[in-house]
file entry20.cif (mmCIF, C-alpha atoms and all ligand atoms)
data_final
#
loop_
_atom_site.label_atom_id
_atom_site.label_comp_id
_atom_site.auth_asym_id
_atom_site.auth_seq_id
_atom_site.Cartn_x
_atom_site.Cartn_y
_atom_site.Cartn_z
CA MET V 208 5.22 -18.64 -12.53
CA GLY V 209 9.02 -18.61 -12.61
CA SER V 210 11.52 -16.66 -10.57
CA VAL V 211 11.90 -12.89 -10.69
CA THR V 212 14.82 -13.42 -13.12
CA ASP V 213 12.79 -15.64 -15.50
CA VAL V 214 9.96 -13.14 -15.58
CA ALA V 215 12.39 -10.25 -16.11
CA MET V 216 13.77 -12.00 -19.19
CA GLU V 217 10.27 -12.38 -20.55
CA LYS V 218 8.80 -8.97 -19.68
CA GLY V 219 11.84 -6.75 -19.19
CA THR V 220 13.15 -5.58 -15.84
CA LEU V 221 11.16 -3.08 -13.82
CA ALA V 222 13.84 -0.45 -14.45
CA GLN V 223 13.46 -1.00 -18.21
CA ARG V 224 9.66 -0.88 -18.07
CA LYS V 225 9.54 2.20 -15.81
CA PRO V 226 5.96 1.74 -14.55
CA THR V 227 4.11 4.64 -12.95
CA VAL V 228 3.97 3.88 -9.24
CA VAL V 229 1.47 5.36 -6.77
CA PHE V 230 1.74 4.49 -3.08
CA VAL V 231 -1.52 4.38 -1.10
CA LEU V 232 -1.02 4.94 2.62
CA GLY V 233 -3.31 5.56 5.58
CA GLY V 234 -4.14 4.00 8.92
CA PRO V 235 -5.70 0.56 9.20
CA GLY V 236 -9.33 0.84 8.09
CA SER V 237 -8.86 4.20 6.37
CA GLY V 238 -10.22 2.66 3.15
CA LYS V 239 -7.06 1.91 1.15
CA GLY V 240 -8.37 -1.31 -0.40
CA THR V 241 -11.80 0.20 -1.05
CA GLN V 242 -10.40 3.23 -2.87
CA CYS V 243 -7.81 1.16 -4.76
CA ASP V 244 -10.65 -0.91 -6.26
CA LYS V 245 -12.24 2.29 -7.54
CA ILE V 246 -8.95 3.63 -8.93
CA VAL V 247 -8.41 0.33 -10.75
CA GLN V 248 -11.84 0.57 -12.38
CA HIS V 249 -11.58 4.24 -13.24
CA PHE V 250 -7.92 4.70 -14.13
CA GLY V 251 -6.78 1.23 -15.22
CA PHE V 252 -4.15 0.69 -12.54
CA THR V 253 -3.23 -2.70 -11.12
CA HIS V 254 -3.68 -2.93 -7.36
CA ILE V 255 -0.93 -4.60 -5.34
CA SER V 256 -1.71 -4.82 -1.61
CA THR V 257 1.33 -5.81 0.44
CA GLY V 258 -0.97 -7.03 3.23
CA ASP V 259 -2.68 -9.35 0.69
CA LEU V 260 0.71 -10.58 -0.57
CA LEU V 261 1.66 -11.49 3.00
CA ARG V 262 -1.69 -13.22 3.62
CA ASP V 263 -1.21 -15.21 0.37
CA GLU V 264 2.21 -16.23 1.64
CA ILE V 265 0.64 -17.55 4.87
CA ARG V 266 -1.99 -19.47 2.86
CA SER V 267 0.66 -20.95 0.55
CA GLY V 268 2.10 -22.81 3.53
CA SER V 269 5.59 -21.39 2.86
CA GLU V 270 8.31 -21.74 5.47
CA ASN V 271 7.87 -18.05 6.42
CA GLY V 272 4.10 -18.35 6.77
CA THR V 273 4.04 -19.11 10.49
CA MET V 274 6.30 -16.18 11.34
CA ILE V 275 4.27 -13.78 9.15
CA GLN V 276 1.04 -14.95 10.75
CA ARG V 277 2.45 -14.36 14.24
CA MET V 278 3.66 -10.85 13.33
CA MET V 279 0.32 -9.93 11.80
CA LYS V 280 -1.64 -11.22 14.78
CA GLU V 281 0.45 -8.92 16.97
CA GLY V 282 0.05 -5.99 14.57
CA LYS V 283 3.83 -5.92 14.00
CA MET V 284 5.73 -5.21 10.81
CA VAL V 285 7.08 -8.18 8.90
CA PRO V 286 10.86 -8.05 8.14
CA PRO V 287 11.38 -5.85 5.06
CA GLU V 288 13.51 -8.43 3.19
CA LEU V 289 10.47 -10.65 2.95
CA THR V 290 7.94 -7.99 2.00
CA ILE V 291 10.21 -6.47 -0.65
CA LYS V 292 10.79 -9.86 -2.27
CA LEU V 293 7.04 -10.48 -2.54
CA LEU V 294 6.45 -6.94 -3.81
CA GLN V 295 9.22 -7.16 -6.39
CA LYS V 296 7.81 -10.43 -7.73
CA ALA V 297 4.27 -9.03 -7.94
CA MET V 298 5.46 -5.86 -9.70
CA GLN V 299 7.60 -7.85 -12.09
CA GLU V 300 4.84 -10.32 -12.96
CA CYS V 301 2.31 -7.61 -13.58
CA GLY V 302 2.26 -6.54 -17.21
CA ASN V 303 0.61 -3.18 -16.45
CA ASP V 304 2.64 0.03 -16.54
CA LYS V 305 0.47 1.66 -13.81
CA LEU V 306 0.78 0.23 -10.33
CA LEU V 307 -1.01 1.11 -7.11
CA ILE V 308 0.95 -0.12 -4.14
CA ASP V 309 -1.29 -0.34 -1.09
CA GLY V 310 0.02 -0.41 2.48
CA PHE V 311 3.66 0.14 1.58
CA PRO V 312 6.14 1.56 2.56
CA ARG V 313 4.87 1.22 6.13
CA ASN V 314 8.10 2.20 7.87
CA GLU V 315 11.61 3.46 7.17
CA GLU V 316 12.89 -0.11 6.74
CA ASN V 317 10.29 -0.74 4.00
CA ARG V 318 11.27 2.49 2.29
CA ALA V 319 15.01 1.72 2.43
CA ALA V 320 14.41 -1.77 1.00
CA TYR V 321 12.29 -0.30 -1.81
CA GLU V 322 14.96 2.24 -2.70
CA ALA V 323 17.68 -0.42 -2.66
CA VAL V 324 15.80 -3.09 -4.61
CA ILE V 325 13.09 -1.52 -6.77
CA LYS V 326 14.46 1.97 -7.25
CA ILE V 327 11.40 3.51 -8.93
CA GLU V 328 10.34 6.78 -7.39
CA PRO V 329 6.59 7.00 -6.78
CA LYS V 330 4.73 9.50 -8.90
CA LEU V 331 2.33 10.22 -6.03
CA VAL V 332 1.61 9.16 -2.47
CA LEU V 333 -2.07 9.15 -1.61
CA PHE V 334 -2.59 9.61 2.11
CA LEU V 335 -6.05 8.59 3.31
CA ASP V 336 -6.47 10.56 6.51
CA CYS V 337 -9.12 9.28 8.92
CA SER V 338 -9.80 9.53 12.66
CA GLU V 339 -9.00 6.55 14.87
CA GLU V 340 -12.62 6.43 16.10
CA GLU V 341 -13.90 5.99 12.54
CA MET V 342 -11.15 3.50 11.57
CA GLU V 343 -11.86 1.45 14.70
CA ARG V 344 -15.58 1.34 13.86
CA ARG V 345 -14.84 0.23 10.30
CA LEU V 346 -12.36 -2.48 11.30
CA LEU V 347 -14.68 -3.93 13.93
CA ASN V 348 -17.38 -4.16 11.25
CA ARG V 349 -15.15 -5.39 8.40
CA ASN V 350 -16.19 -9.02 8.82
CA GLN V 351 -13.53 -10.57 6.64
CA GLY V 352 -12.45 -13.01 9.33
CA ARG V 353 -9.09 -11.27 9.80
CA GLU V 354 -7.24 -12.33 12.94
CA ASP V 355 -5.92 -8.77 13.39
CA ASP V 356 -9.33 -7.06 13.34
CA ASN V 357 -9.84 -7.31 17.11
CA ILE V 358 -9.68 -4.36 19.48
CA GLU V 359 -6.39 -5.36 21.10
CA THR V 360 -4.51 -5.75 17.78
CA ILE V 361 -6.24 -2.72 16.26
CA ARG V 362 -4.81 -0.49 19.03
CA LYS V 363 -1.33 -1.89 18.37
CA ARG V 364 -1.73 -1.26 14.63
CA PHE V 365 -2.73 2.36 15.32
CA LYS V 366 0.42 2.78 17.39
CA VAL V 367 2.62 1.36 14.62
CA PHE V 368 0.90 3.64 12.11
CA LYS V 369 1.58 6.75 14.20
CA GLU V 370 5.14 5.84 15.16
CA SER V 371 6.40 4.24 11.94
CA THR V 372 4.18 5.13 8.96
CA LEU V 373 3.50 8.81 9.60
CA PRO V 374 7.25 9.62 9.41
CA VAL V 375 7.38 7.94 5.98
CA ILE V 376 4.43 10.04 4.83
CA GLU V 377 6.21 13.09 6.20
CA TYR V 378 9.33 12.15 4.21
CA TYR V 379 7.38 12.01 0.94
CA ASN V 380 5.55 15.19 1.90
CA SER V 381 8.88 16.98 2.09
CA LYS V 382 9.46 15.87 -1.52
CA GLY V 383 6.07 17.29 -2.59
CA LYS V 384 4.63 13.85 -3.40
CA VAL V 385 1.81 13.54 -0.86
CA ARG V 386 -1.86 14.18 -1.66
CA LYS V 387 -3.81 14.12 1.60
CA ILE V 388 -7.44 13.07 1.34
CA ASP V 389 -10.16 13.34 3.99
CA ALA V 390 -11.01 9.63 4.17
CA GLY V 391 -13.60 9.98 6.94
CA LYS V 392 -16.31 10.82 4.41
CA PRO V 393 -18.55 8.34 2.58
CA SER V 394 -16.59 6.24 0.15
CA ASP V 395 -17.91 7.84 -3.08
CA GLU V 396 -17.06 11.32 -1.78
CA VAL V 397 -13.54 10.20 -0.91
CA PHE V 398 -13.16 8.92 -4.45
CA GLU V 399 -14.29 12.25 -5.92
CA ASP V 400 -11.31 13.89 -4.18
CA ILE V 401 -8.98 11.15 -5.39
CA LYS V 402 -10.23 11.62 -8.96
CA PHE V 403 -9.39 15.30 -8.68
CA PHE V 404 -5.79 14.56 -7.73
CA PHE V 405 -5.36 11.88 -10.36
CA THR V 406 -6.69 14.08 -13.15
CA SER V 407 -5.02 17.31 -12.04
CA THR V 408 -1.63 15.99 -10.96
CA CYS V 409 -1.56 13.04 -13.31
CA GLY V 410 -3.99 14.07 -16.05
CA ASN V 411 -1.61 12.42 -18.48
CA ILE V 412 -0.81 9.58 -16.10
CA LYS V 413 -1.09 7.07 -18.94
CA HIS V 414 1.90 8.75 -20.59
CA SER V 415 3.71 9.98 -17.51
CA CYS V 416 7.29 9.07 -16.95
CA CYS V 417 8.77 8.30 -13.59
CA VAL V 418 12.14 8.97 -12.18
CA ILE V 419 14.57 6.21 -11.35
CA LEU V 420 16.20 6.99 -8.00
P1 LIG Y 1 -7.87 -0.57 4.64
O1 LIG Y 1 -7.50 -1.31 3.38
O2 LIG Y 1 -7.32 0.83 4.67
O3 LIG Y 1 -7.55 -1.30 5.90
P2 LIG Y 1 -10.62 -1.14 3.79
O4 LIG Y 1 -10.73 -0.58 2.41
O5 LIG Y 1 -10.51 -2.61 3.92
O6 LIG Y 1 -9.45 -0.39 4.61
O7 LIG Y 1 -11.89 -0.63 4.59
C1 LIG Y 1 -12.13 -1.07 5.93
C2 LIG Y 1 -13.65 -1.26 6.13
O8 LIG Y 1 -14.28 0.01 6.07
C3 LIG Y 1 -14.30 -2.13 5.05
O9 LIG Y 1 -15.32 -2.90 5.64
C4 LIG Y 1 -14.90 -1.09 4.09
O10 LIG Y 1 -16.03 -1.58 3.43
C5 LIG Y 1 -15.24 0.05 5.00
N1 LIG Y 1 -15.06 1.37 4.38
C6 LIG Y 1 -14.09 1.73 3.52
N2 LIG Y 1 -14.22 3.04 3.20
C7 LIG Y 1 -15.28 3.51 3.88
C8 LIG Y 1 -15.91 4.81 3.97
N3 LIG Y 1 -15.46 5.86 3.30
N4 LIG Y 1 -16.98 4.94 4.80
C9 LIG Y 1 -17.43 3.86 5.51
N5 LIG Y 1 -16.90 2.62 5.46
C10 LIG Y 1 -15.82 2.45 4.66
O1 LIG Y 2 -2.32 -3.47 4.90
P1 LIG Y 2 -2.93 -4.50 5.80
O2 LIG Y 2 -3.85 -3.90 6.83
O3 LIG Y 2 -3.57 -5.61 5.04
O4 LIG Y 2 -1.71 -5.13 6.61
C1 LIG Y 2 -1.94 -6.13 7.60
C2 LIG Y 2 -0.66 -6.48 8.31
O5 LIG Y 2 0.32 -6.97 7.40
C3 LIG Y 2 0.05 -5.33 9.03
O6 LIG Y 2 -0.54 -5.02 10.28
C4 LIG Y 2 1.44 -5.95 9.19
O7 LIG Y 2 1.47 -6.95 10.20
C5 LIG Y 2 1.63 -6.64 7.83
N1 LIG Y 2 2.28 -5.75 6.85
C6 LIG Y 2 3.66 -5.54 6.97
N2 LIG Y 2 4.31 -4.72 6.08
C7 LIG Y 2 3.62 -4.10 5.10
C8 LIG Y 2 2.22 -4.30 4.97
C9 LIG Y 2 1.58 -5.14 5.87
O8 LIG Y 2 4.31 -6.08 7.87
N3 LIG Y 2 4.25 -3.29 4.25
MG MG Y 3 -6.40 -3.14 3.13
#

call {"tool": "encode", "arguments": {"input": "entry20.cif", "output": "structure tokens"}}
result
Amino acid sequence: MGSVTDVAMEKGTLAQRKPTVVFVLGGPGSGKGTQCDKIVQHFGFTHISTGDLLRDEIRSGSENGTMIQRMMKEGKMVPPELTIKLLQKAMQECGNDKLLIDGFPRNEENRAAYEAVIKIEPKLVLFLDCSEEEMERRLLNRNQGREDDNIETIRKRFKVFKESTLPVIEYYNSKGKVRKIDAGKPSDEVFEDIKFFFTSTCGNIKHSCCVIL
């Protein structure tokens, strides 16, 4: 696949296409990926996980891979310039006009980079709210071979979530965008609540417009 510019010439820029964007936020292990899979199946969104984009970057052997791997192992946030570039490319390459962006923006720096580069206001922010005890249990049982799913890194990730991500959620809450979901319940029950928000707030999500910042 070519550069962001090549793809933009072929598919139109993101600003021209005006996709509907939904951010999916929540602590590590709250079930973001799990619920995104269900939303994709049910509502026809494309799922873009920023954590997955960063892991792909490590696997690709790129020059930034080693640094990203080190940050992830320590539960730290990767520099926003890098994450936003990967996100922009994924959003541009995706032909769908409905995008679920999972695990982003994780902090104020992510949000500022998004507003400067991508400039598409999210239609909704889903906040999967779950206790640390439950998230810890889930992460320790996830079994995907992730280097950051160990108790020491998990505690650091919880701290980053509380200190850096909750303020971002609070920011979108003040703009009336946040839909808070009790994510401590069994997965199908969580999805029932998500369905409610998608059909009530975005019943016409297929035809919804979004605002360019
Ligand atoms: P996140 O993307 O937020 O880190 P995941 O979707 O990867 O979370 O879920 C973390 C782990 O918890 C996975 O093993 C997943 O199967 C499991 N899980 C997800 N949602 C639930 C739920 N509602 N109840 C129990 N386990 C869950
Ligand atoms: O979302 P996920 O749990 O897959 O993220 C794993 C790690 O990827 C985070 O702990 C962090 O190190 C990095 N990350 C990041 N910025 C994001 C998303 C993920 O630095 N927006
Ligand atoms: Mg995930």

call {"tool": "closest_residue", "arguments": {"input": "entry20.cif", "among": "V:Asp304, V:Glu316, V:Leu331, V:Gln351", "to": "Phe405 (chain V)", "atoms": "all atoms listed in the file"}}
result
V:Leu331

call {"tool": "atom_distance", "arguments": {"input": "entry20.cif", "atom1": "CA of Ala222 (chain V)", "atom2": "CA of Ile255 (chain V)"}}
result
17.8 Å

call {"tool": "residues_near_ligand", "arguments": {"input": "entry20.cif", "ligand": "ligand MG 3 (chain Y)", "cutoff": "9 Å", "atoms": "all atoms listed in the file", "output": "list in words"}}
result
Pro235, Gly236, Ser237, Gly238, Lys239, Gly240, Thr241, Ser256, Thr257, Gly258, Asp259, Asp309 and Gly310 of chain V

call {"tool": "atom_distance", "arguments": {"input": "entry20.cif", "atom1": "CA of Arg345 (chain V)", "atom2": "CA of Tyr378 (chain V)"}}
result
27.6 Å

call {"tool": "atom_distance", "arguments": {"input": "entry20.cif", "atom1": "CA of Arg318 (chain V)", "atom2": "atom O4 of ligand LIG 2 (chain Y)"}}
result
15.7 Å

call {"tool": "closest_atom_pairs", "arguments": {"input": "entry20.cif", "of": "chain V", "to": "ligand LIG 2 (chain Y)", "cutoff": "10 Å", "atoms": "all atoms listed in the file", "output": "CSV"}}
result
residue,atom,partner,partner_atom,distance
V:Val231,CA,Y:LIG2,O1,9.9
V:Leu232,CA,Y:LIG2,O1,8.8
V:Gly233,CA,Y:LIG2,O1,9.1
V:Gly234,CA,Y:LIG2,O2,8.2
V:Pro235,CA,Y:LIG2,O2,5.4
V:Gly236,CA,Y:LIG2,O2,7.4
V:Ser237,CA,Y:LIG2,O2,9.5
V:Gly238,CA,Y:LIG2,O2,9.9
V:Lys239,CA,Y:LIG2,O1,8.1
V:Gly240,CA,Y:LIG2,O1,8.3
V:Ser256,CA,Y:LIG2,O1,6.7
V:Thr257,CA,Y:LIG2,C8,4.9
V:Gly258,CA,Y:LIG2,O3,3.5
V:Asp259,CA,Y:LIG2,O3,5.8
V:Leu260,CA,Y:LIG2,C9,8.5
V:Leu261,CA,Y:LIG2,O5,6.4
V:Arg262,CA,Y:LIG2,O5,7.6
V:Ile275,CA,Y:LIG2,O7,7.5
V:Gln276,CA,Y:LIG2,O7,8.0
V:Arg277,CA,Y:LIG2,O7,8.5
V:Met278,CA,Y:LIG2,O7,5.5
V:Met279,CA,Y:LIG2,O7,3.6
V:Lys280,CA,Y:LIG2,O7,7.0
V:Glu281,CA,Y:LIG2,O7,7.1
V:Gly282,CA,Y:LIG2,O6,4.4
V:Lys283,CA,Y:LIG2,O7,4.6
V:Met284,CA,Y:LIG2,O8,3.4
V:Val285,CA,Y:LIG2,O8,3.6
V:Pro286,CA,Y:LIG2,O8,6.8
V:Pro287,CA,Y:LIG2,N2,7.2
V:Leu289,CA,Y:LIG2,N2,9.1
V:Thr290,CA,Y:LIG2,N2,6.4
V:Ile291,CA,Y:LIG2,N3,8.3
V:Leu294,CA,Y:LIG2,N3,9.1
V:Ile308,CA,Y:LIG2,N3,9.6
V:Asp309,CA,Y:LIG2,O1,6.8
V:Gly310,CA,Y:LIG2,O1,4.5
V:Phe311,CA,Y:LIG2,N3,4.4
V:Pro312,CA,Y:LIG2,N3,5.5
V:Arg313,CA,Y:LIG2,N3,4.9
V:Asn314,CA,Y:LIG2,N3,7.6
V:Glu316,CA,Y:LIG2,N3,9.5
V:Asn317,CA,Y:LIG2,N3,6.6
V:Arg318,CA,Y:LIG2,N3,9.3
V:Leu346,CA,Y:LIG2,O2,9.7
V:Arg353,CA,Y:LIG2,C1,9.1
V:Glu354,CA,Y:LIG2,C1,9.7
V:Asp355,CA,Y:LIG2,O6,7.3
V:Asp356,CA,Y:LIG2,O2,9.1
V:Thr360,CA,Y:LIG2,O6,8.5
V:Ile361,CA,Y:LIG2,O6,8.6
V:Lys363,CA,Y:LIG2,O6,8.7
V:Arg364,CA,Y:LIG2,O6,5.9
V:Phe365,CA,Y:LIG2,O6,9.2
V:Val367,CA,Y:LIG2,O6,8.3
V:Phe368,CA,Y:LIG2,O6,9.0
V:Thr372,CA,Y:LIG2,N3,9.6

call {"tool": "build_atoms", "arguments": {"input": "entry20.cif", "residues": "region 212-243 of chain V", "atoms": "N, CA and C atoms", "output": "compact mmCIF listing (two decimals), in the frame of the given file"}}
result
# COMPACT_ATOMS: atom_id res chain seq x y z
N THR V 212 13.90 -13.51 -11.98
CA THR V 212 14.82 -13.42 -13.12
C THR V 212 14.17 -13.95 -14.39
N ASP V 213 13.46 -15.09 -14.31
CA ASP V 213 12.79 -15.64 -15.50
C ASP V 213 11.79 -14.64 -16.06
N VAL V 214 10.99 -14.06 -15.14
CA VAL V 214 9.96 -13.14 -15.58
C VAL V 214 10.59 -11.90 -16.19
N ALA V 215 11.71 -11.45 -15.59
CA ALA V 215 12.39 -10.25 -16.11
C ALA V 215 12.85 -10.49 -17.54
N MET V 216 13.30 -11.72 -17.83
CA MET V 216 13.77 -12.00 -19.19
C MET V 216 12.61 -11.94 -20.17
N GLU V 217 11.44 -12.34 -19.67
CA GLU V 217 10.27 -12.38 -20.55
C GLU V 217 9.65 -10.99 -20.72
N LYS V 218 9.55 -10.23 -19.63
CA LYS V 218 8.80 -8.97 -19.68
C LYS V 218 9.68 -7.73 -19.60
N GLY V 219 10.96 -7.90 -19.41
CA GLY V 219 11.84 -6.75 -19.19
C GLY V 219 11.92 -6.45 -17.71
N THR V 220 13.03 -5.88 -17.26
CA THR V 220 13.15 -5.58 -15.84
C THR V 220 12.25 -4.39 -15.52
N LEU V 221 12.00 -4.22 -14.23
CA LEU V 221 11.16 -3.08 -13.82
C LEU V 221 11.81 -1.78 -14.24
N ALA V 222 13.13 -1.69 -14.10
CA ALA V 222 13.84 -0.45 -14.45
C ALA V 222 13.68 -0.16 -15.94
N GLN V 223 13.65 -1.21 -16.77
CA GLN V 223 13.46 -1.00 -18.21
C GLN V 223 12.03 -0.57 -18.50
N ARG V 224 11.08 -1.15 -17.78
CA ARG V 224 9.66 -0.88 -18.07
C ARG V 224 9.20 0.45 -17.50
N LYS V 225 9.86 0.92 -16.44
CA LYS V 225 9.54 2.20 -15.81
C LYS V 225 8.03 2.41 -15.59
N PRO V 226 7.40 1.54 -14.80
CA PRO V 226 5.96 1.74 -14.55
C PRO V 226 5.72 2.99 -13.70
N THR V 227 4.53 3.57 -13.84
CA THR V 227 4.11 4.64 -12.95
C THR V 227 3.68 4.00 -11.64
N VAL V 228 4.26 4.47 -10.54
CA VAL V 228 3.97 3.88 -9.24
C VAL V 228 3.28 4.91 -8.35
N VAL V 229 2.14 4.52 -7.77
CA VAL V 229 1.47 5.36 -6.77
C VAL V 229 1.38 4.56 -5.48
N PHE V 230 1.89 5.13 -4.39
CA PHE V 230 1.74 4.49 -3.08
C PHE V 230 0.43 4.95 -2.45
N VAL V 231 -0.29 4.03 -1.81
CA VAL V 231 -1.52 4.38 -1.10
C VAL V 231 -1.31 4.06 0.38
N LEU V 232 -1.28 5.11 1.19
CA LEU V 232 -1.02 4.94 2.62
C LEU V 232 -2.16 5.52 3.44
N GLY V 233 -2.25 5.10 4.67
CA GLY V 233 -3.31 5.56 5.58
C GLY V 233 -3.39 4.55 6.71
N GLY V 234 -4.04 4.92 7.78
CA GLY V 234 -4.14 4.00 8.92
C GLY V 234 -4.96 2.77 8.56
N PRO V 235 -4.89 1.75 9.43
CA PRO V 235 -5.70 0.56 9.20
C PRO V 235 -7.18 0.93 9.21
N GLY V 236 -7.89 0.53 8.17
CA GLY V 236 -9.33 0.84 8.09
C GLY V 236 -9.63 2.19 7.47
N SER V 237 -8.61 2.88 6.97
CA SER V 237 -8.86 4.20 6.37
C SER V 237 -9.54 4.08 5.00
N GLY V 238 -9.53 2.87 4.43
CA GLY V 238 -10.22 2.66 3.15
C GLY V 238 -9.26 2.49 1.97
N LYS V 239 -8.04 2.05 2.24
CA LYS V 239 -7.06 1.91 1.15
C LYS V 239 -7.54 0.91 0.09
N GLY V 240 -7.93 -0.27 0.55
CA GLY V 240 -8.37 -1.31 -0.40
C GLY V 240 -9.61 -0.86 -1.17
N THR V 241 -10.54 -0.26 -0.45
CA THR V 241 -11.80 0.20 -1.05
C THR V 241 -11.53 1.22 -2.15
N GLN V 242 -10.67 2.19 -1.87
CA GLN V 242 -10.40 3.23 -2.87
C GLN V 242 -9.53 2.68 -4.00
N CYS V 243 -8.64 1.74 -3.69
CA CYS V 243 -7.81 1.16 -4.76
C CYS V 243 -8.70 0.46 -5.79
